[in-house]
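Right, one structure below, let's go through it.
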Amino acid sequence: PASWTHFCVHNGTQDDRESGWSDTNPASTFYGRMYVSWNDFAVGGGALFVAYTTDNGATWTNQRQLTTGTPFIRDVQITGDLATGVVYVAGVNENGGSFPHNNNNLFFRSTDGGNTWTNTYTGPTYAGPGRAASGYFATMYSNPAYWRHEGWGEPAALNGVVHYVYDAANGSDPADVFYIRSTDSGVTFSAPFMLNSNTDPTKAQWQPNLSVTASGNLMAMWYDERDRVAASCQPSSPGTPCYRMYARKSNDNGVSWL
């Protein structure tokens with residue numbers, strides 16, 4: 001774009017982890033609606049909110065509160081289904097954070113253009129990723145403790161099928177990337193499927209993202225240590241290969257992965 005116009009979604013003092021999605025399907029009932037989700041730490045210690053605009057960003061008066069802040073549910077990402085217009089927010093209960101810690105994945109869904117929201121899914125407890133802690137946050141590296149990460153991933157949706165990638169500790173392995181899939185619009189999800197093929201417990205895979213095309217092609221990508229040549233990854237040694245990005249794709253809306 002040659003120029004940008006800035007709009008204020010929410011005038012707050014402790015907003016964090018904002019994400020956005022736009023309904024760009026001309027056939028959608030909610031075509032042109034833009035959505036933003038965030039945590040507001042001035043409300044209940046981190047309540048989860050969503051706001052939407054119907055006038056190309058000029059006003060954001062339609063604010064909805066999804067959680068109270070207790071327990072704290074981290075805003076992971078907001079996304080939507082271009083085929084149906086349904087909007088989803090993926091969240092995670094970090095159960096206090098730090099390291100080690102446990103997580104629970106949650107999904108919130110709106111079928112009426114962001115006016116009302118339902119917590120459709122709260123998943124089972126799993127071990128969060130990490131090797132050390134920096135205050136509240138688990139970190140992917142220690143000595144020093146850096147790269148704060150609690151296992152956050154990314155959702156995607158198409159034709160009522162909801163996808164989610166995230167990472168978790170896996171036994172002695174500090175992090176592996178997992179994929180879950182819902183065929184009932186985010187109410188129930190499949191058992192986790194590990195996307196990374198490397199199973200070396202000393203090599204982590206973490207911080208995945210996900211995208212889906214209108215034809216049902218999925219692409220998942222993450223940071224991967226499988227090519228690390230040193231015993232550990234140190235920020236003071238940029239010449240030592242530590243990690244690269246790896247990806248995996250599905251051509252059938254998540255049924256199988258190549």
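Convention: chains lettered A, B, ... in structure tokens order; per-chain residue numbering from 1; ligands numbered from 1 as shown.
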Requested in this report: Determine which residues of segment 8-108 of chain A receive a DSSP assignment of strand (DSSP E), computed from the backbone, and state them as a VMD selection string.
Outcome: chain A and resid 15 to 22 34 to 40 47 to 53 62 to 65 73 to 80 87 to 93 102 to 108
Export, as a PDB file, in the first residue's frame, the selected residues with C-alpha atoms.
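Result saved to part_13.pdb:
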```
ATOM      1  CA  ASP A  15      -3.646  -3.993  26.018  1.00  0.00           C
ATOM      2  CA  ASP A  16      -1.566  -6.908  24.738  1.00  0.00           C
ATOM      3  CA  ARG A  17      -1.398  -9.769  22.213  1.00  0.00           C
ATOM      4  CA  GLU A  18      -3.701  -8.169  19.664  1.00  0.00           C
ATOM      5  CA  SER A  19      -4.534 -10.016  16.448  1.00  0.00           C
ATOM      6  CA  GLY A  20      -6.886  -9.376  13.538  1.00  0.00           C
ATOM      7  CA  TRP A  21      -8.917 -10.958  10.758  1.00  0.00           C
ATOM      8  CA  SER A  22     -11.016  -9.567   7.904  1.00  0.00           C
ATOM      9  CA  MET A  34     -12.826  -6.488  10.406  1.00  0.00           C
ATOM     10  CA  TYR A  35     -12.175  -8.087  13.802  1.00  0.00           C
ATOM     11  CA  VAL A  36      -9.468  -7.532  16.418  1.00  0.00           C
ATOM     12  CA  SER A  37      -8.869  -9.589  19.587  1.00  0.00           C
ATOM     13  CA  TRP A  38      -6.653  -8.695  22.553  1.00  0.00           C
ATOM     14  CA  ASN A  39      -6.025  -9.144  26.262  1.00  0.00           C
ATOM     15  CA  ASP A  40      -6.735  -6.138  28.486  1.00  0.00           C
ATOM     16  CA  ALA A  47      -9.672 -10.331  30.169  1.00  0.00           C
ATOM     17  CA  LEU A  48     -10.042 -11.371  26.529  1.00  0.00           C
ATOM     18  CA  PHE A  49     -11.879  -8.970  24.208  1.00  0.00           C
ATOM     19  CA  VAL A  50     -12.956  -8.780  20.575  1.00  0.00           C
ATOM     20  CA  ALA A  51     -14.044  -5.678  18.681  1.00  0.00           C
ATOM     21  CA  TYR A  52     -15.234  -5.359  15.098  1.00  0.00           C
ATOM     22  CA  THR A  53     -15.838  -2.591  12.614  1.00  0.00           C
ATOM     23  CA  ASN A  62     -18.745  -3.106  18.922  1.00  0.00           C
ATOM     24  CA  GLN A  63     -16.599  -4.458  21.749  1.00  0.00           C
ATOM     25  CA  ARG A  64     -17.308  -7.848  23.305  1.00  0.00           C
ATOM     26  CA  GLN A  65     -15.738  -9.416  26.417  1.00  0.00           C
ATOM     27  CA  ILE A  73      -6.798 -16.978  28.971  1.00  0.00           C
ATOM     28  CA  ARG A  74      -4.091 -15.747  26.628  1.00  0.00           C
ATOM     29  CA  ASP A  75      -5.228 -14.385  23.256  1.00  0.00           C
ATOM     30  CA  VAL A  76      -3.427 -16.626  20.766  1.00  0.00           C
ATOM     31  CA  GLN A  77      -5.002 -15.588  17.453  1.00  0.00           C
ATOM     32  CA  ILE A  78      -8.327 -14.662  15.889  1.00  0.00           C
ATOM     33  CA  THR A  79      -9.322 -16.117  12.517  1.00  0.00           C
ATOM     34  CA  GLY A  80     -12.411 -16.777  10.451  1.00  0.00           C
ATOM     35  CA  VAL A  87     -15.185 -16.233  13.460  1.00  0.00           C
ATOM     36  CA  TYR A  88     -12.950 -18.074  15.930  1.00  0.00           C
ATOM     37  CA  VAL A  89     -10.568 -17.024  18.687  1.00  0.00           C
ATOM     38  CA  ALA A  90      -7.945 -19.492  19.881  1.00  0.00           C
ATOM     39  CA  GLY A  91      -6.832 -19.002  23.465  1.00  0.00           C
ATOM     40  CA  VAL A  92      -4.676 -20.833  25.953  1.00  0.00           C
ATOM     41  CA  ASN A  93      -4.841 -21.211  29.714  1.00  0.00           C
ATOM     42  CA  ASN A 102       0.784 -26.943  31.835  1.00  0.00           C
ATOM     43  CA  ASN A 103      -1.538 -25.574  29.151  1.00  0.00           C
ATOM     44  CA  ASN A 104      -5.120 -25.995  27.986  1.00  0.00           C
ATOM     45  CA  ASN A 105      -6.220 -24.930  24.509  1.00  0.00           C
ATOM     46  CA  LEU A 106      -9.553 -23.109  24.165  1.00  0.00           C
ATOM     47  CA  PHE A 107     -11.717 -22.011  21.253  1.00  0.00           C
ATOM     48  CA  PHE A 108     -14.354 -19.288  21.175  1.00  0.00           C
TER      49      PHE A 108
END
```
Report task. Can you pull out every residue within 9 Å of Tyr166 of chain A, counting only C-alpha atoms, but drop anything in the same chain fewer than 5 positions away, and send it as a list in words? Result ->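 Residues near the query, excluding close chain neighbours: Asn105, Gly151, Trp152, Gly153, Glu154, Pro155, Asp176, Val177, Phe178, Tyr179, Ile180, Trp206, Gln207, Pro208 and Asn209 of chain A.
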Convert the current residue selection to file output with all heavy atoms, as a short mmCIF file (atom, residue, chain, number, x, y, z; two decimals), in the first residue's frame.
```cif
data_model
loop_
_atom_site.label_atom_id
_atom_site.label_comp_id
_atom_site.auth_asym_id
_atom_site.auth_seq_id
_atom_site.Cartn_x
_atom_site.Cartn_y
_atom_site.Cartn_z
N ASN A 105 -5.79 -25.70 25.67
CA ASN A 105 -6.22 -24.93 24.51
C ASN A 105 -7.72 -24.67 24.59
O ASN A 105 -8.50 -25.54 25.00
CB ASN A 105 -5.92 -25.69 23.22
CG ASN A 105 -4.43 -25.84 22.97
OD1 ASN A 105 -3.66 -24.90 23.23
ND2 ASN A 105 -4.00 -26.99 22.47
N GLY A 151 3.92 -21.83 24.16
CA GLY A 151 3.27 -22.86 23.37
C GLY A 151 2.24 -22.34 22.40
O GLY A 151 1.51 -23.11 21.78
N TRP A 152 2.19 -21.02 22.22
CA TRP A 152 1.19 -20.41 21.35
C TRP A 152 1.34 -20.88 19.91
O TRP A 152 2.45 -21.00 19.39
CB TRP A 152 1.32 -18.88 21.41
CG TRP A 152 1.45 -18.35 22.79
CD1 TRP A 152 0.58 -18.52 23.83
CD2 TRP A 152 2.53 -17.56 23.31
NE1 TRP A 152 1.03 -17.87 24.96
CE2 TRP A 152 2.24 -17.27 24.67
CE3 TRP A 152 3.70 -17.05 22.76
CZ2 TRP A 152 3.07 -16.51 25.48
CZ3 TRP A 152 4.54 -16.30 23.56
CH2 TRP A 152 4.22 -16.03 24.90
N GLY A 153 0.21 -21.10 19.25
CA GLY A 153 0.22 -21.53 17.86
C GLY A 153 -0.64 -20.63 17.01
O GLY A 153 -0.61 -19.41 17.16
N GLU A 154 -1.42 -21.23 16.11
CA GLU A 154 -2.27 -20.43 15.23
C GLU A 154 -3.41 -21.28 14.70
O GLU A 154 -3.21 -22.44 14.35
CB GLU A 154 -1.46 -19.85 14.07
CG GLU A 154 -2.23 -18.84 13.26
CD GLU A 154 -1.33 -18.08 12.30
OE1 GLU A 154 -0.22 -18.54 12.00
OE2 GLU A 154 -1.77 -17.00 11.85
N PRO A 155 -4.62 -20.70 14.62
CA PRO A 155 -5.76 -21.41 14.05
C PRO A 155 -5.98 -21.06 12.58
O PRO A 155 -5.47 -20.05 12.09
CB PRO A 155 -6.93 -20.90 14.90
CG PRO A 155 -6.55 -19.46 15.16
CD PRO A 155 -5.03 -19.45 15.27
N ASP A 176 7.69 -30.11 20.71
CA ASP A 176 7.31 -30.66 19.41
C ASP A 176 6.06 -29.94 18.93
O ASP A 176 5.28 -29.40 19.74
CB ASP A 176 7.02 -32.16 19.49
CG ASP A 176 8.29 -33.00 19.58
OD1 ASP A 176 9.27 -32.67 18.89
OD2 ASP A 176 8.31 -33.98 20.35
N VAL A 177 5.83 -29.94 17.62
CA VAL A 177 4.70 -29.23 17.03
C VAL A 177 3.56 -30.22 16.80
O VAL A 177 3.76 -31.28 16.20
CB VAL A 177 5.10 -28.56 15.70
CG1 VAL A 177 3.88 -27.99 14.99
CG2 VAL A 177 6.12 -27.46 15.97
N PHE A 178 2.37 -29.84 17.24
CA PHE A 178 1.20 -30.71 17.12
C PHE A 178 0.07 -30.02 16.37
O PHE A 178 -0.06 -28.79 16.41
CB PHE A 178 0.72 -31.13 18.51
CG PHE A 178 1.67 -32.04 19.23
CD1 PHE A 178 2.63 -31.52 20.09
CD2 PHE A 178 1.63 -33.41 19.03
CE1 PHE A 178 3.52 -32.36 20.75
CE2 PHE A 178 2.52 -34.25 19.68
CZ PHE A 178 3.46 -33.73 20.54
N TYR A 179 -0.76 -30.84 15.73
CA TYR A 179 -1.90 -30.36 14.96
C TYR A 179 -3.16 -31.06 15.43
O TYR A 179 -3.15 -32.29 15.66
CB TYR A 179 -1.67 -30.67 13.47
CG TYR A 179 -2.90 -30.56 12.61
CD1 TYR A 179 -3.41 -29.32 12.22
CD2 TYR A 179 -3.58 -31.71 12.18
CE1 TYR A 179 -4.54 -29.23 11.41
CE2 TYR A 179 -4.70 -31.63 11.37
CZ TYR A 179 -5.18 -30.38 11.00
OH TYR A 179 -6.30 -30.30 10.21
N ILE A 180 -4.23 -30.29 15.64
CA ILE A 180 -5.54 -30.86 15.95
C ILE A 180 -6.56 -30.29 14.97
O ILE A 180 -6.39 -29.18 14.43
CB ILE A 180 -5.98 -30.59 17.40
CG1 ILE A 180 -5.95 -29.10 17.73
CG2 ILE A 180 -5.09 -31.38 18.38
CD1 ILE A 180 -6.46 -28.78 19.14
N TRP A 206 9.26 -25.45 17.58
CA TRP A 206 8.37 -24.57 18.34
C TRP A 206 7.86 -23.40 17.51
O TRP A 206 8.30 -23.16 16.41
CB TRP A 206 9.09 -24.07 19.60
CG TRP A 206 10.12 -23.00 19.38
CD1 TRP A 206 9.98 -21.66 19.56
CD2 TRP A 206 11.47 -23.18 18.90
NE1 TRP A 206 11.13 -20.99 19.26
CE2 TRP A 206 12.06 -21.90 18.85
CE3 TRP A 206 12.22 -24.29 18.51
CZ2 TRP A 206 13.37 -21.70 18.41
CZ3 TRP A 206 13.54 -24.11 18.09
CH2 TRP A 206 14.10 -22.83 18.05
N GLN A 207 6.90 -22.70 18.10
CA GLN A 207 6.28 -21.49 17.57
C GLN A 207 5.76 -21.68 16.15
O GLN A 207 6.18 -20.99 15.23
CB GLN A 207 7.25 -20.31 17.64
CG GLN A 207 6.55 -18.95 17.65
CD GLN A 207 7.49 -17.83 18.07
OE1 GLN A 207 8.25 -17.96 19.02
NE2 GLN A 207 7.42 -16.72 17.38
N PRO A 208 4.78 -22.58 15.96
CA PRO A 208 4.26 -22.83 14.62
C PRO A 208 3.24 -21.79 14.19
O PRO A 208 2.60 -21.13 15.02
CB PRO A 208 3.58 -24.20 14.78
CG PRO A 208 3.12 -24.21 16.20
CD PRO A 208 4.18 -23.46 16.98
N ASN A 209 3.10 -21.64 12.88
CA ASN A 209 1.98 -20.86 12.34
C ASN A 209 1.30 -21.67 11.26
O ASN A 209 1.79 -22.73 10.83
CB ASN A 209 2.43 -19.49 11.83
CG ASN A 209 3.50 -19.58 10.76
OD1 ASN A 209 3.42 -20.37 9.83
ND2 ASN A 209 4.52 -18.74 10.89
#
```
Query raised in the report: Neighbours of Gly128 of chain A within 8 Å (only C-alpha atoms; same-chain residues fewer than 4 positions away dropped), as a ChimeraX atom specification?
Result: /A:94,100-103,150-151,167-169,175
Query - Selected residue, from A:Lys203, A:Arg109, A:Arg131, A:Arg244, that lies nearest to Ala157 of chain A when counting only C-alpha atoms - result: A:Arg109
**Report entry** Shortest interatomic distance to Pro26 of chain A - which of A:Thr84, A:Thr5, A:Thr68, A:Thr61, counting only C-alpha atoms
**Finding:**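 Between A:Thr84, A:Thr5, A:Thr68, A:Thr61, the residue approaching Pro26 of chain A most closely is A:Thr84.
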Hey, what's within 10 Å of Ser215 of chain A if we count only C-alpha atoms and toss same-chain stuff fewer than 2 positions away? As a short mmCIF file (atom, residue, chain, number, x, y, z; two decimals) with all heavy atoms, in the first residue's frame, please?
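Done, and the output landed in selection35.cif:
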```cif
data_model
loop_
_atom_site.label_atom_id
_atom_site.label_comp_id
_atom_site.auth_asym_id
_atom_site.auth_seq_id
_atom_site.Cartn_x
_atom_site.Cartn_y
_atom_site.Cartn_z
N LEU A 158 -11.89 -23.48 7.42
CA LEU A 158 -12.47 -23.49 6.08
C LEU A 158 -13.59 -24.51 6.02
O LEU A 158 -13.42 -25.66 6.42
CB LEU A 158 -11.40 -23.85 5.03
CG LEU A 158 -11.89 -23.85 3.58
CD1 LEU A 158 -12.22 -22.42 3.13
CD2 LEU A 158 -10.85 -24.47 2.65
N ASN A 159 -14.76 -24.07 5.54
CA ASN A 159 -15.91 -24.94 5.34
C ASN A 159 -16.30 -25.71 6.60
O ASN A 159 -16.63 -26.90 6.54
CB ASN A 159 -15.64 -25.92 4.19
CG ASN A 159 -15.65 -25.24 2.84
OD1 ASN A 159 -16.45 -24.35 2.58
ND2 ASN A 159 -14.74 -25.66 1.95
N VAL A 212 -4.46 -21.41 5.47
CA VAL A 212 -5.29 -22.27 4.64
C VAL A 212 -5.77 -21.48 3.43
O VAL A 212 -6.07 -20.28 3.54
CB VAL A 212 -6.50 -22.83 5.44
CG1 VAL A 212 -7.42 -21.73 5.92
CG2 VAL A 212 -7.27 -23.88 4.64
N THR A 213 -5.81 -22.13 2.27
CA THR A 213 -6.30 -21.49 1.06
C THR A 213 -7.77 -21.84 0.85
O THR A 213 -8.33 -22.73 1.49
CB THR A 213 -5.51 -21.95 -0.17
OG1 THR A 213 -5.80 -23.34 -0.43
CG2 THR A 213 -4.01 -21.79 0.05
N ASN A 217 -5.89 -26.12 0.92
CA ASN A 217 -4.47 -26.42 1.12
C ASN A 217 -3.99 -25.75 2.40
O ASN A 217 -4.19 -24.55 2.59
CB ASN A 217 -3.64 -25.92 -0.06
CG ASN A 217 -3.99 -26.63 -1.34
OD1 ASN A 217 -4.20 -27.83 -1.35
ND2 ASN A 217 -4.08 -25.88 -2.44
N LEU A 218 -3.35 -26.54 3.26
CA LEU A 218 -2.83 -26.02 4.52
C LEU A 218 -1.31 -25.99 4.49
O LEU A 218 -0.69 -26.89 3.92
CB LEU A 218 -3.26 -26.92 5.69
CG LEU A 218 -4.72 -26.84 6.14
CD1 LEU A 218 -5.05 -28.05 7.00
CD2 LEU A 218 -4.99 -25.57 6.91
N ASN A 251 -2.96 -31.11 1.43
CA ASN A 251 -3.74 -30.73 0.23
C ASN A 251 -5.21 -31.11 0.33
O ASN A 251 -5.94 -30.96 -0.64
CB ASN A 251 -3.13 -31.37 -1.02
CG ASN A 251 -1.74 -30.83 -1.33
OD1 ASN A 251 -1.43 -29.68 -1.02
ND2 ASN A 251 -0.90 -31.65 -1.93
N ASP A 252 -5.64 -31.62 1.49
CA ASP A 252 -7.02 -32.09 1.62
C ASP A 252 -7.68 -31.58 2.90
O ASP A 252 -8.41 -32.30 3.57
CB ASP A 252 -7.08 -33.62 1.56
CG ASP A 252 -6.12 -34.31 2.53
OD1 ASP A 252 -5.61 -33.61 3.44
OD2 ASP A 252 -5.89 -35.52 2.38
N ASN A 253 -7.44 -30.30 3.22
CA ASN A 253 -8.05 -29.63 4.36
C ASN A 253 -7.74 -30.35 5.68
O ASN A 253 -8.59 -30.45 6.57
CB ASN A 253 -9.57 -29.51 4.17
CG ASN A 253 -10.15 -28.30 4.92
OD1 ASN A 253 -9.45 -27.37 5.28
ND2 ASN A 253 -11.45 -28.33 5.16
#
```
